Structure formats: structure tokens, C-alpha cells
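The data block below is target22.cif; it holds mmCIF, C-alpha atoms and all ligand atoms.
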data_protein
#
loop_
_atom_site.label_atom_id
_atom_site.label_comp_id
_atom_site.auth_asym_id
_atom_site.auth_seq_id
_atom_site.Cartn_x
_atom_site.Cartn_y
_atom_site.Cartn_z
CA MET A 161 0.00 0.00 0.00
CA LYS A 162 1.33 3.45 -0.84
CA PRO A 163 2.22 5.51 2.23
CA LEU A 164 -0.77 7.64 3.13
CA VAL A 165 -1.30 11.07 4.59
CA ILE A 166 -3.71 10.80 7.52
CA ALA A 167 -5.24 13.97 8.95
CA ILE A 168 -6.64 14.20 12.48
CA ASP A 169 -8.36 17.40 13.58
CA GLY A 170 -10.48 18.26 16.57
CA PRO A 171 -10.68 20.36 19.72
CA SER A 172 -8.22 20.18 22.59
CA GLY A 173 -8.29 17.21 24.92
CA ALA A 174 -10.41 14.96 22.72
CA GLY A 175 -7.64 12.37 22.54
CA LYS A 176 -6.24 13.28 19.10
CA SER A 177 -2.60 12.91 19.95
CA THR A 178 -3.02 9.68 21.93
CA ALA A 179 -4.97 8.22 19.02
CA GLY A 180 -2.70 9.69 16.37
CA ARG A 181 0.48 8.46 18.02
CA ALA A 182 -0.93 4.94 18.44
CA LEU A 183 -2.29 4.89 14.90
CA ALA A 184 1.09 5.96 13.51
CA ALA A 185 2.85 3.28 15.57
CA ARG A 186 0.49 0.57 14.27
CA LEU A 187 1.05 1.65 10.66
CA GLY A 188 4.78 2.28 11.00
CA TYR A 189 4.14 5.94 10.15
CA VAL A 190 5.61 9.17 11.50
CA PHE A 191 3.41 11.08 13.94
CA ILE A 192 3.42 14.87 13.64
CA ASP A 193 1.88 16.85 16.49
CA THR A 194 1.35 20.23 14.84
CA GLY A 195 -0.03 21.75 18.06
CA ALA A 196 3.40 21.19 19.62
CA MET A 197 4.86 23.47 16.93
CA TYR A 198 2.48 26.32 17.85
CA ARG A 199 3.21 25.64 21.51
CA ALA A 200 6.97 25.86 20.94
CA LEU A 201 6.57 29.23 19.23
CA ALA A 202 4.32 30.44 22.06
CA LEU A 203 6.90 29.40 24.65
CA LYS A 204 9.69 31.20 22.85
CA ALA A 205 7.57 34.34 22.47
CA SER A 206 6.65 34.35 26.15
CA ARG A 207 10.27 33.93 27.23
CA ARG A 208 11.14 37.00 25.17
CA SER A 209 8.10 38.92 26.37
CA ILE A 210 6.81 39.23 22.81
CA ASP A 211 3.18 40.27 22.59
CA ALA A 212 0.97 37.43 21.30
CA GLY A 213 -0.81 40.02 19.14
CA ASP A 214 2.31 41.08 17.25
CA ALA A 215 1.98 39.09 14.02
CA ALA A 216 5.05 40.44 12.22
CA VAL A 217 7.43 39.90 15.12
CA LEU A 218 6.03 36.41 15.78
CA ALA A 219 6.41 35.42 12.13
CA GLU A 220 10.03 36.61 12.16
CA LEU A 221 10.64 34.77 15.42
CA LEU A 222 9.25 31.57 13.91
CA LYS A 223 11.41 31.89 10.79
CA ALA A 224 14.46 32.09 13.02
CA SER A 225 13.38 29.06 15.11
CA ARG A 226 14.17 25.39 14.73
CA ILE A 227 11.34 23.16 15.95
CA GLU A 228 11.97 19.42 15.87
CA LEU A 229 9.57 16.60 16.71
CA ARG A 230 11.32 13.42 17.79
CA GLU A 231 10.62 10.00 19.28
CA GLY A 232 7.34 9.60 17.45
CA GLY A 233 6.23 13.03 18.59
CA ARG A 234 7.02 12.36 22.23
CA GLN A 235 9.90 14.82 22.36
CA VAL A 236 9.89 18.43 21.18
CA LEU A 237 13.08 20.40 20.63
CA LEU A 238 13.16 24.17 20.27
CA ASP A 239 16.48 25.42 18.89
CA GLY A 240 18.01 22.22 20.22
CA GLU A 241 16.54 22.55 23.73
CA ASP A 242 14.16 19.87 25.02
CA VAL A 243 10.91 21.76 25.74
CA THR A 244 8.63 18.69 25.87
CA ALA A 245 7.37 19.45 29.39
CA SER A 246 7.49 23.24 29.31
CA ILE A 247 5.12 23.53 26.33
CA ARG A 248 2.34 21.64 28.18
CA THR A 249 1.48 24.24 30.82
CA ARG A 250 -1.89 25.98 30.89
CA ASP A 251 -0.26 29.33 30.11
CA VAL A 252 1.42 27.98 27.00
CA SER A 253 -1.85 26.32 25.91
CA ALA A 254 -3.65 29.66 25.98
CA LEU A 255 -0.76 31.48 24.34
CA ALA A 256 -0.42 28.88 21.56
CA SER A 257 -4.04 29.49 20.63
CA ARG A 258 -3.37 33.25 20.51
CA VAL A 259 -0.23 33.11 18.38
CA SER A 260 -1.96 30.71 15.98
CA VAL A 261 -4.51 33.27 14.78
CA HIS A 262 -1.99 35.19 12.65
CA PRO A 263 -1.94 34.35 8.92
CA ALA A 264 1.81 35.09 8.69
CA VAL A 265 2.49 32.55 11.45
CA ARG A 266 0.14 29.97 9.95
CA ARG A 267 1.67 30.29 6.47
CA GLU A 268 5.09 29.36 7.80
CA MET A 269 3.75 26.55 10.00
CA VAL A 270 1.70 25.10 7.14
CA ALA A 271 4.74 25.19 4.82
CA ARG A 272 6.82 23.32 7.40
CA GLN A 273 4.09 20.76 8.00
CA ARG A 274 3.63 20.12 4.28
CA GLU A 275 7.35 19.55 3.99
CA LEU A 276 7.28 17.08 6.90
CA GLY A 277 4.42 15.15 5.29
CA ARG A 278 5.55 15.43 1.68
CA ASP A 279 6.43 11.76 1.17
CA GLY A 280 3.39 10.38 2.99
CA GLY A 281 3.54 7.72 5.68
CA VAL A 282 2.44 10.35 8.19
CA VAL A 283 -0.30 10.98 10.72
CA LEU A 284 -0.73 14.69 11.44
CA ASP A 285 -2.73 15.99 14.36
CA GLY A 286 -3.99 19.57 14.59
CA ARG A 287 -6.86 21.93 13.84
CA ASP A 288 -6.47 22.63 10.11
CA ILE A 289 -4.82 19.49 8.74
CA GLY A 290 -7.74 18.21 6.68
CA THR A 291 -8.89 21.70 5.68
CA ALA A 292 -5.67 23.64 4.99
CA VAL A 293 -2.42 21.69 5.42
CA PHE A 294 -3.41 18.57 3.49
CA PRO A 295 -6.87 19.14 2.01
CA ASP A 296 -6.19 16.11 -0.22
CA ALA A 297 -5.22 13.84 2.69
CA ASP A 298 -6.02 10.17 2.01
CA VAL A 299 -7.93 9.72 5.26
CA LYS A 300 -9.40 12.42 7.49
CA PHE A 301 -10.69 12.14 11.02
CA TYR A 302 -12.46 14.63 13.24
CA VAL A 303 -11.93 13.53 16.83
CA ASP A 304 -14.28 15.04 19.37
CA ALA A 305 -15.58 14.36 22.88
CA ASP A 306 -17.90 15.81 25.45
CA VAL A 307 -16.34 18.95 27.02
CA ARG A 308 -16.54 17.62 30.60
CA HIS A 309 -14.77 14.46 29.49
CA ARG A 310 -12.05 16.52 27.79
CA ALA A 311 -11.59 18.64 30.92
CA GLU A 312 -11.19 15.49 33.02
CA ARG A 313 -8.55 14.17 30.63
CA ARG A 314 -6.65 17.45 30.78
CA ARG A 315 -6.81 17.50 34.56
CA ALA A 316 -5.42 13.96 34.73
CA GLU A 317 -2.56 14.95 32.40
CA LEU A 318 -1.77 18.07 34.43
CA GLN A 319 -1.89 16.12 37.69
CA ALA A 320 0.40 13.46 36.25
CA ALA A 321 2.82 16.29 35.44
CA GLY A 322 2.59 17.51 39.04
CA ALA A 323 0.39 20.55 38.38
CA ALA A 324 -2.63 21.11 40.60
CA ALA A 325 -5.75 21.70 38.59
CA ASP A 326 -9.34 22.65 39.26
CA LEU A 327 -11.83 20.91 36.98
CA ALA A 328 -14.18 23.86 36.54
CA ALA A 329 -11.30 26.18 35.68
CA ILE A 330 -9.92 23.73 33.14
CA GLU A 331 -13.32 23.26 31.55
CA HIS A 332 -13.65 27.04 31.28
CA GLU A 333 -10.21 27.31 29.63
CA ILE A 334 -11.06 24.53 27.18
CA ARG A 335 -14.31 26.23 26.19
CA GLU A 336 -12.50 29.52 25.65
CA ARG A 337 -9.76 27.92 23.58
CA ASP A 338 -12.31 25.97 21.48
CA HIS A 339 -14.19 29.18 20.83
CA ALA A 340 -11.01 31.01 19.78
CA ASP A 341 -9.81 28.13 17.58
CA MET A 342 -13.22 27.73 15.93
CA THR A 343 -13.92 31.40 15.27
CA ARG A 344 -10.56 32.80 14.11
CA SER A 345 -10.72 34.00 10.52
CA ASP A 346 -7.72 32.08 9.12
CA SER A 347 -8.41 28.33 8.88
CA PRO A 348 -10.63 27.92 11.93
CA LEU A 349 -11.17 24.47 13.40
CA THR A 350 -14.00 22.81 11.52
CA ARG A 351 -14.84 19.30 10.41
CA ALA A 352 -13.37 18.91 6.92
CA PRO A 353 -15.63 17.56 4.17
CA GLY A 354 -15.18 13.80 4.15
CA ALA A 355 -13.72 13.65 7.68
CA LEU A 356 -14.93 10.68 9.71
CA LEU A 357 -16.25 11.77 13.09
CA VAL A 358 -14.83 9.79 16.01
CA ASP A 359 -16.46 10.68 19.33
CA THR A 360 -14.12 9.35 22.00
CA THR A 361 -16.40 10.10 24.98
CA GLU A 362 -17.63 6.54 25.38
CA LEU A 363 -14.74 4.71 23.74
CA THR A 364 -11.60 3.16 25.18
CA PRO A 365 -8.32 4.21 23.51
CA GLU A 366 -8.14 0.76 21.93
CA GLN A 367 -11.64 1.11 20.47
CA VAL A 368 -10.68 4.49 19.02
CA ILE A 369 -7.64 2.97 17.32
CA GLU A 370 -9.64 0.02 15.99
CA ARG A 371 -12.18 2.37 14.49
CA MET A 372 -9.48 4.46 12.85
CA LEU A 373 -7.54 1.46 11.55
CA ALA A 374 -10.73 0.09 10.00
CA ALA A 375 -11.25 3.39 8.18
CA VAL A 376 -7.65 3.48 6.99
CA ARG A 377 -7.87 -0.11 5.68
CA ALA A 378 -11.13 0.66 3.91
O1 LIG B 401 -3.32 20.64 19.85
P1 LIG B 401 -2.80 21.62 20.90
O2 LIG B 401 -3.76 21.82 22.03
O3 LIG B 401 -1.45 21.28 21.35
O4 LIG B 401 -2.70 23.04 20.10
C1 LIG B 401 -2.35 24.24 20.75
C2 LIG B 401 -2.94 25.41 19.99
O5 LIG B 401 -2.29 25.55 18.73
C3 LIG B 401 -4.42 25.31 19.67
O6 LIG B 401 -5.22 25.89 20.68
C4 LIG B 401 -4.57 26.02 18.36
C5 LIG B 401 -3.22 25.94 17.72
N1 LIG B 401 -3.14 24.99 16.60
C6 LIG B 401 -3.52 25.43 15.36
O7 LIG B 401 -3.98 26.56 15.24
N2 LIG B 401 -3.39 24.63 14.28
C7 LIG B 401 -2.90 23.38 14.40
N3 LIG B 401 -2.77 22.61 13.31
C8 LIG B 401 -2.54 22.90 15.67
C9 LIG B 401 -2.68 23.72 16.77
#
Here is a file; write its structure as C-alpha cells.
Amino acid sequence: MKPLVIAIDGPSGAGKSTAGRALAARLGYVFIDTGAMYRALALKASRRSIDAGDAAVLAELLKASRIELREGGRQVLLDGEDVTASIRTRDVSALASRVSVHPAVRREMVARQRELGRDGGVVLDGRDIGTAVFPDADVKFYVDADVRHRAERRRAELQAAGAAADLAAIEHEIRERDHADMTRSDSPLTRAPGALLVDTTELTPEQVIERMLAAVRA
């Protein structure tokens, strides 16, 4: 079978990256967590006290930045520094959503992501993969889940990383970020035509993978 391009989009905390990473492993594909790229830029901007609203400066900053995804997407390097843990904080989550609204930033990110996926054999996870990065992707998924369920997942992840987290506050942040990601003018999060909806609320991770593998095989 020719190596495919598989697109996974959906809101935060729905289980996209868990599913995408496992799917890539099962297929022997490369997993590309595009959200981690926006997060790395957000982290760098915050360290330099760059305003998240300053499109031109952010685009320049990105052009001068090396962002590498390693270990099947488990490790993220920013200019050679391991930032895997530091890009997962709540502050960076909110900031990543804010830096991602700028067309000049998105253009550069999209170009890099297309380059990474050029030869196929890739699973990309993000918000605009099936609509903007690879509109001709071979298989498209839209992974979603009930917002309370997503907040609980996020809280468990934050707690595992040693960060205290209040469920109501996390749910509020998730709703705000969804709203921002779905209403921005440049490539907002939306279900791409032809994308298979996978609602993970009532599914085990294994059931999610089985469903996706069946769609890929079909
Ligand atoms: O998937 P994530 O939560 O790590 O993504 C962080 C933010 O980055 C998200 O709120 C919006 C932005 N993003 C984007 O605009 N396009 C993508 N393909 C991936 C992420």
C-alpha cells in the first residue's frame, strides 16, 4: 500500500494525539503533532516577552526558530533545547491558541508541516490538517468528545505532570480555547468535508484505534 497522509483534527483534549500516536505506531508511520509546533513558538515568544498580538514579530521569530519533533512526537526540541514538558502548561496552551490566529504565522507553520508530510507515511494531528495543510489527505478524522470528558482528561494529564488543577477552571479554559480556535478568521477548526467523526467520549483508547484502523484499511 502506498504511504498515506492521515489527517486528524479536533478540539483540545479529545484524545487526538493519543490516538494519532498509536495509529502511527500501528502503521509504522511518522506522527506529527502540529499543536506542539504552535506551543513551541508560544513558549519562545513568552520567554522573550513578545506580545501574542504582534503578528510580524512572531512570524520573524518563527522563521528564526528550529522546531523538531522526535521520538514519534514524544519529544519536542526548540532550537536544540528539550521543551517537551514546558510547552504543556496551561499558560502555554492559551498562548499557543493566541499566536496561531496570525496568517503570517500559519503560512510558515503550514509550509513546514507540508514539507514534513511530503512523502506520505504520516499521521498529522492539529486543527487545520484536513482543511488547509493537506486538504487532499487520504484519510481524514475529526476527533471530538464531550467537554466535561475533555476537561477530566486534561486534569489527569496536568496532575500526572505535578500541576494542581481545578476541573471547573480547566473546563472554562477549554471552552475559551475551542471558541477562539473555531472562530478565528484564518483556517478555523472545523470538520473537513469527508472527515470521519470519532467521538471518543464513550470509547476506550483501543476502540478508538480500531475504528481508525478500520477506516484506513477501507
Ligand atoms: O493541539 P494543541 O492543544 O497542542 O494546540 C495548541 C494550539 O495551537 C491550539 O489551541 C490552536 C493551535 N493549533 C492550530 O492553530 N493549528 C494546528 N494545526 C494545531 C494547533
How close does chain A get to ligand LIG 401 (chain B)? List, as a Markdown table, each residue of chain A within 7 Å, its nearest atom pair and the distance in Å to one decimal, counting all atoms listed in the file.
| residue | atom | partner | partner_atom | distance |
| --- | --- | --- | --- | --- |
| A:Ser172 | CA | B:LIG401 | O2 | 4.8 |
| A:Thr194 | CA | B:LIG401 | C8 | 4.8 |
| A:Gly195 | CA | B:LIG401 | C9 | 3.5 |
| A:Ala196 | CA | B:LIG401 | O3 | 5.2 |
| A:Tyr198 | CA | B:LIG401 | O5 | 4.9 |
| A:Arg199 | CA | B:LIG401 | C1 | 5.8 |
| A:Ser253 | CA | B:LIG401 | C1 | 5.6 |
| A:Ala254 | CA | B:LIG401 | O6 | 6.7 |
| A:Ala256 | CA | B:LIG401 | C2 | 4.6 |
| A:Ser257 | CA | B:LIG401 | O6 | 3.8 |
| A:Ser260 | CA | B:LIG401 | O7 | 4.7 |
| A:Val261 | CA | B:LIG401 | O7 | 6.7 |
| A:Asp285 | CA | B:LIG401 | N3 | 6.7 |
| A:Gly286 | CA | B:LIG401 | N3 | 3.5 |
| A:Arg287 | CA | B:LIG401 | N3 | 4.2 |
| A:Asp288 | CA | B:LIG401 | N3 | 4.9 |
| A:Ile289 | CA | B:LIG401 | N3 | 5.9 |
| A:Arg337 | CA | B:LIG401 | O6 | 5.8 |
| A:Asp341 | CA | B:LIG401 | C4 | 5.7 |
For the residues selected in the previous step, produce a file with C-alpha atoms as a JSON list (two decimals), in the coordinates of the input.
[["chain", "number", "residue", "atom", "x", "y", "z"],
["A", 172, "SER", "CA", -8.22, 20.18, 22.59],
["A", 194, "THR", "CA", 1.35, 20.23, 14.84],
["A", 195, "GLY", "CA", -0.03, 21.75, 18.06],
["A", 196, "ALA", "CA", 3.40, 21.19, 19.62],
["A", 198, "TYR", "CA", 2.48, 26.32, 17.85],
["A", 199, "ARG", "CA", 3.21, 25.64, 21.51],
["A", 253, "SER", "CA", -1.85, 26.32, 25.91],
["A", 254, "ALA", "CA", -3.65, 29.66, 25.98],
["A", 256, "ALA", "CA", -0.42, 28.88, 21.56],
["A", 257, "SER", "CA", -4.04, 29.49, 20.63],
["A", 260, "SER", "CA", -1.96, 30.71, 15.98],
["A", 261, "VAL", "CA", -4.51, 33.27, 14.78],
["A", 285, "ASP", "CA", -2.73, 15.99, 14.36],
["A", 286, "GLY", "CA", -3.99, 19.57, 14.59],
["A", 287, "ARG", "CA", -6.86, 21.93, 13.84],
["A", 288, "ASP", "CA", -6.47, 22.63, 10.11],
["A", 289, "ILE", "CA", -4.82, 19.49, 8.74],
["A", 337, "ARG", "CA", -9.76, 27.92, 23.58],
["A", 341, "ASP", "CA", -9.81, 28.13, 17.58]]
10 Å contact set for Lys223 in chain A, all atoms listed in the file, chain neighbours under 4 positions out, as a JSON list (two decimals) with C-alpha atoms, keeping the file's coordinate frame:
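Contents of around.json, freshly written:
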[["chain", "number", "residue", "atom", "x", "y", "z"],
["A", 217, "VAL", "CA", 7.43, 39.90, 15.12],
["A", 218, "LEU", "CA", 6.03, 36.41, 15.78],
["A", 219, "ALA", "CA", 6.41, 35.42, 12.13],
["A", 265, "VAL", "CA", 2.49, 32.55, 11.45],
["A", 268, "GLU", "CA", 5.09, 29.36, 7.80],
["A", 269, "MET", "CA", 3.75, 26.55, 10.00]]
Residues near Glu370 in chain A, cut-off 12 Å, all atoms listed in the file, skip fewer than 2 positions along chain, as a PyMOL selection string: chain A and resi 179-180+182-183+186+358+360+363-368+372-377
Would you list the contacts of Gly232 in chain A as a ChimeraX atom specification, taking every protein, DNA or RNA residue within 9 Å and counting all atoms listed in the file, but skipping same-chain residues closer than 3 positions in sequence? /A:181,184-185,189-192,229,235
Just-selected residues, C-alpha atoms written as a PDB file, in the frame of the given file:
ATOM      1  CA  ARG A 181       0.480   8.460  18.020  1.00  0.00           C
ATOM      2  CA  ALA A 184       1.090   5.960  13.510  1.00  0.00           C
ATOM      3  CA  ALA A 185       2.850   3.280  15.570  1.00  0.00           C
ATOM      4  CA  TYR A 189       4.140   5.940  10.150  1.00  0.00           C
ATOM      5  CA  VAL A 190       5.610   9.170  11.500  1.00  0.00           C
ATOM      6  CA  PHE A 191       3.410  11.080  13.940  1.00  0.00           C
ATOM      7  CA  ILE A 192       3.420  14.870  13.640  1.00  0.00           C
ATOM      8  CA  LEU A 229       9.570  16.600  16.710  1.00  0.00           C
ATOM      9  CA  GLN A 235       9.900  14.820  22.360  1.00  0.00           C
TER      10      GLN A 235
END
So, counting all atoms listed in the file, which residue among A:Arg226, A:Arg351, A:Arg278, A:His309 is closest to Lys204 in chain A?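 Of all the options, A:Arg226 lies closest to Lys204 in chain A.
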Please identify every residue of range 192-227 of chain A that has at least one atom no farther than 7 Å from an atom of range 236-246 of chain A, counting all atoms listed in the file, and for each give the shortest atom pair and the distance in Å to one decimal, arranged by chain then increasing number, as JSON lines.
{"residue": "A:Ala200", "atom": "CA", "partner": "A:Leu238", "partner_atom": "CA", "distance": 6.5}
{"residue": "A:Ser225", "atom": "CA", "partner": "A:Asp239", "partner_atom": "CA", "distance": 6.1}
{"residue": "A:Arg226", "atom": "CA", "partner": "A:Asp239", "partner_atom": "CA", "distance": 4.8}
{"residue": "A:Ile227", "atom": "CA", "partner": "A:Leu238", "partner_atom": "CA", "distance": 4.8}
Counting only C-alpha atoms, what is within 8 Å of Leu255 in chain A, bar same-chain residues fewer than 6 positions away, as a PyMOL selection string? chain A and resi 199+202-203+212
Taking all listed atoms of range 198-212 of chain A, build the axis-aligned box, pad each of the six sides by 3 Å, then write its centre and edge lengths in Å to one decimal as JSON.
{"center_x": 6.1, "center_y": 33.0, "center_z": 22.5, "size_x": 16.2, "size_y": 20.6, "size_z": 15.4}
For His332 in chain A, which residue out of A:Ala320, A:Glu312, A:Ala264, A:Leu357 is the nearest one, using only C-alpha atoms? A:Glu312
Please indicate the distance in Å from CA of Ile334 in chain A to CA of Arg308 in chain A, rounded to one decimal place.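 Calculated distance between CA of Ile334 in chain A and CA of Arg308 in chain A is 9.5 Å.
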For Ile330 in chain A, which residue out of A:Val252, A:Val283, A:Ala167, A:Leu318 is the nearest one, using only C-alpha atoms?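 Under the stated criterion, the closest residue is A:Leu318.
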Go ahead and compute the interatomic distance for CA of Ala316 in chain A and CA of Gly233 in chain A, in Å to one decimal. 19.9 Å
To one decimal in Å, tell me the separation between CA of Asp359 in chain A and CA of Ala325 in chain A.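 For CA of Asp359 in chain A relative to CA of Ala325 in chain A, the distance reads 24.6 Å.
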Close residues, Gly281 in chain A itself excluded, 8 Å, only C-alpha atoms, min 4 positions apart in chain, as a list of chain:residue names: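 After dropping sequence-adjacent residues, the list is A:Pro163, A:Leu164, A:Val165, A:Gly188, A:Tyr189, A:Val190, A:Gly277.
Using only C-alpha atoms for every distance, the candidate list A:Val303, A:Leu221, A:Leu327, A:Ala297 yields A:Ala297 as the residue closest to Ile166 in chain A.
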Restricting the calculation to all atoms listed in the file: of A:Ser209, A:Thr249, A:Ser347, A:Gln319, which residue gets closest to Pro295 in chain A?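 Checking each of A:Ser209, A:Thr249, A:Ser347, A:Gln319 against Pro295 in chain A, counting all atoms listed in the file, the winner is A:Ser347.
Using all atoms listed in the file, the shortest contact distance between Gly213 in chain A and any of A:Ile168, A:Leu187, A:Ala352, A:Val259 is found at A:Val259.
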Since the input has fewer atoms than a full residue there, write range 213-224 of chain A out with all heavy atoms, as a PDB file, in the coordinates of the input.
ATOM      1  N   GLY A 213      -0.058  39.357  20.208  1.00  0.00           N
ATOM      2  CA  GLY A 213      -0.810  40.020  19.140  1.00  0.00           C
ATOM      3  C   GLY A 213       0.076  40.569  18.035  1.00  0.00           C
ATOM      4  O   GLY A 213      -0.418  41.067  17.026  1.00  0.00           O
ATOM      5  N   ASP A 214       1.390  40.476  18.215  1.00  0.00           N
ATOM      6  CA  ASP A 214       2.310  41.080  17.250  1.00  0.00           C
ATOM      7  C   ASP A 214       2.682  40.098  16.129  1.00  0.00           C
ATOM      8  O   ASP A 214       3.692  39.404  16.186  1.00  0.00           O
ATOM      9  CB  ASP A 214       3.567  41.566  17.988  1.00  0.00           C
ATOM     10  CG  ASP A 214       4.366  42.550  17.155  1.00  0.00           C
ATOM     11  OD1 ASP A 214       4.246  42.516  15.914  1.00  0.00           O
ATOM     12  OD2 ASP A 214       5.101  43.360  17.746  1.00  0.00           O
ATOM     13  N   ALA A 215       1.837  40.081  15.091  1.00  0.00           N
ATOM     14  CA  ALA A 215       1.980  39.090  14.020  1.00  0.00           C
ATOM     15  C   ALA A 215       3.346  39.123  13.341  1.00  0.00           C
ATOM     16  O   ALA A 215       3.976  38.079  13.134  1.00  0.00           O
ATOM     17  CB  ALA A 215       0.879  39.301  12.974  1.00  0.00           C
ATOM     18  N   ALA A 216       3.812  40.334  12.995  1.00  0.00           N
ATOM     19  CA  ALA A 216       5.050  40.440  12.220  1.00  0.00           C
ATOM     20  C   ALA A 216       6.246  39.937  13.025  1.00  0.00           C
ATOM     21  O   ALA A 216       7.087  39.169  12.518  1.00  0.00           O
ATOM     22  CB  ALA A 216       5.270  41.885  11.781  1.00  0.00           C
ATOM     23  N   VAL A 217       6.308  40.329  14.276  1.00  0.00           N
ATOM     24  CA  VAL A 217       7.430  39.900  15.120  1.00  0.00           C
ATOM     25  C   VAL A 217       7.370  38.382  15.355  1.00  0.00           C
ATOM     26  O   VAL A 217       8.392  37.690  15.309  1.00  0.00           O
ATOM     27  CB  VAL A 217       7.416  40.679  16.471  1.00  0.00           C
ATOM     28  CG1 VAL A 217       8.459  40.117  17.423  1.00  0.00           C
ATOM     29  CG2 VAL A 217       7.687  42.148  16.207  1.00  0.00           C
ATOM     30  N   LEU A 218       6.176  37.858  15.555  1.00  0.00           N
ATOM     31  CA  LEU A 218       6.030  36.410  15.780  1.00  0.00           C
ATOM     32  C   LEU A 218       6.442  35.613  14.531  1.00  0.00           C
ATOM     33  O   LEU A 218       7.093  34.576  14.633  1.00  0.00           O
ATOM     34  CB  LEU A 218       4.582  36.067  16.143  1.00  0.00           C
ATOM     35  CG  LEU A 218       4.141  36.496  17.543  1.00  0.00           C
ATOM     36  CD1 LEU A 218       2.636  36.382  17.684  1.00  0.00           C
ATOM     37  CD2 LEU A 218       4.836  35.646  18.608  1.00  0.00           C
ATOM     38  N   ALA A 219       6.055  36.123  13.371  1.00  0.00           N
ATOM     39  CA  ALA A 219       6.410  35.420  12.130  1.00  0.00           C
ATOM     40  C   ALA A 219       7.924  35.415  11.935  1.00  0.00           C
ATOM     41  O   ALA A 219       8.509  34.405  11.531  1.00  0.00           O
ATOM     42  CB  ALA A 219       5.710  36.071  10.940  1.00  0.00           C
ATOM     43  N   GLU A 220       8.561  36.534  12.251  1.00  0.00           N
ATOM     44  CA  GLU A 220      10.030  36.610  12.160  1.00  0.00           C
ATOM     45  C   GLU A 220      10.674  35.659  13.163  1.00  0.00           C
ATOM     46  O   GLU A 220      11.646  34.963  12.862  1.00  0.00           O
ATOM     47  CB  GLU A 220      10.510  38.040  12.444  1.00  0.00           C
ATOM     48  CG  GLU A 220      10.416  38.957  11.257  1.00  0.00           C
ATOM     49  CD  GLU A 220      10.979  38.333   9.983  1.00  0.00           C
ATOM     50  OE1 GLU A 220      12.142  37.889  10.016  1.00  0.00           O
ATOM     51  OE2 GLU A 220      10.243  38.274   8.977  1.00  0.00           O
ATOM     52  N   LEU A 221      10.116  35.642  14.357  1.00  0.00           N
ATOM     53  CA  LEU A 221      10.640  34.770  15.420  1.00  0.00           C
ATOM     54  C   LEU A 221      10.561  33.308  14.974  1.00  0.00           C
ATOM     55  O   LEU A 221      11.513  32.540  15.131  1.00  0.00           O
ATOM     56  CB  LEU A 221       9.818  34.982  16.693  1.00  0.00           C
ATOM     57  CG  LEU A 221      10.300  34.229  17.936  1.00  0.00           C
ATOM     58  CD1 LEU A 221      11.603  34.833  18.438  1.00  0.00           C
ATOM     59  CD2 LEU A 221       9.238  34.292  19.043  1.00  0.00           C
ATOM     60  N   LEU A 222       9.423  32.950  14.372  1.00  0.00           N
ATOM     61  CA  LEU A 222       9.250  31.570  13.910  1.00  0.00           C
ATOM     62  C   LEU A 222      10.270  31.233  12.826  1.00  0.00           C
ATOM     63  O   LEU A 222      10.884  30.158  12.855  1.00  0.00           O
ATOM     64  CB  LEU A 222       7.818  31.372  13.381  1.00  0.00           C
ATOM     65  CG  LEU A 222       7.531  30.020  12.723  1.00  0.00           C
ATOM     66  CD1 LEU A 222       7.797  28.864  13.695  1.00  0.00           C
ATOM     67  CD2 LEU A 222       6.086  29.955  12.224  1.00  0.00           C
ATOM     68  N   LYS A 223      10.467  32.153  11.882  1.00  0.00           N
ATOM     69  CA  LYS A 223      11.410  31.890  10.790  1.00  0.00           C
ATOM     70  C   LYS A 223      12.809  31.630  11.310  1.00  0.00           C
ATOM     71  O   LYS A 223      13.577  30.872  10.723  1.00  0.00           O
ATOM     72  CB  LYS A 223      11.415  33.051   9.797  1.00  0.00           C
ATOM     73  CG  LYS A 223      10.149  33.033   8.957  1.00  0.00           C
ATOM     74  CD  LYS A 223      10.260  33.851   7.682  1.00  0.00           C
ATOM     75  CE  LYS A 223       9.001  33.693   6.851  1.00  0.00           C
ATOM     76  NZ  LYS A 223       8.268  34.943   6.660  1.00  0.00           N
ATOM     77  N   ALA A 224      13.127  32.246  12.440  1.00  0.00           N
ATOM     78  CA  ALA A 224      14.460  32.090  13.020  1.00  0.00           C
ATOM     79  C   ALA A 224      14.501  30.937  14.041  1.00  0.00           C
ATOM     80  O   ALA A 224      15.476  30.794  14.770  1.00  0.00           O
ATOM     81  CB  ALA A 224      14.875  33.389  13.699  1.00  0.00           C
TER      82      ALA A 224
END
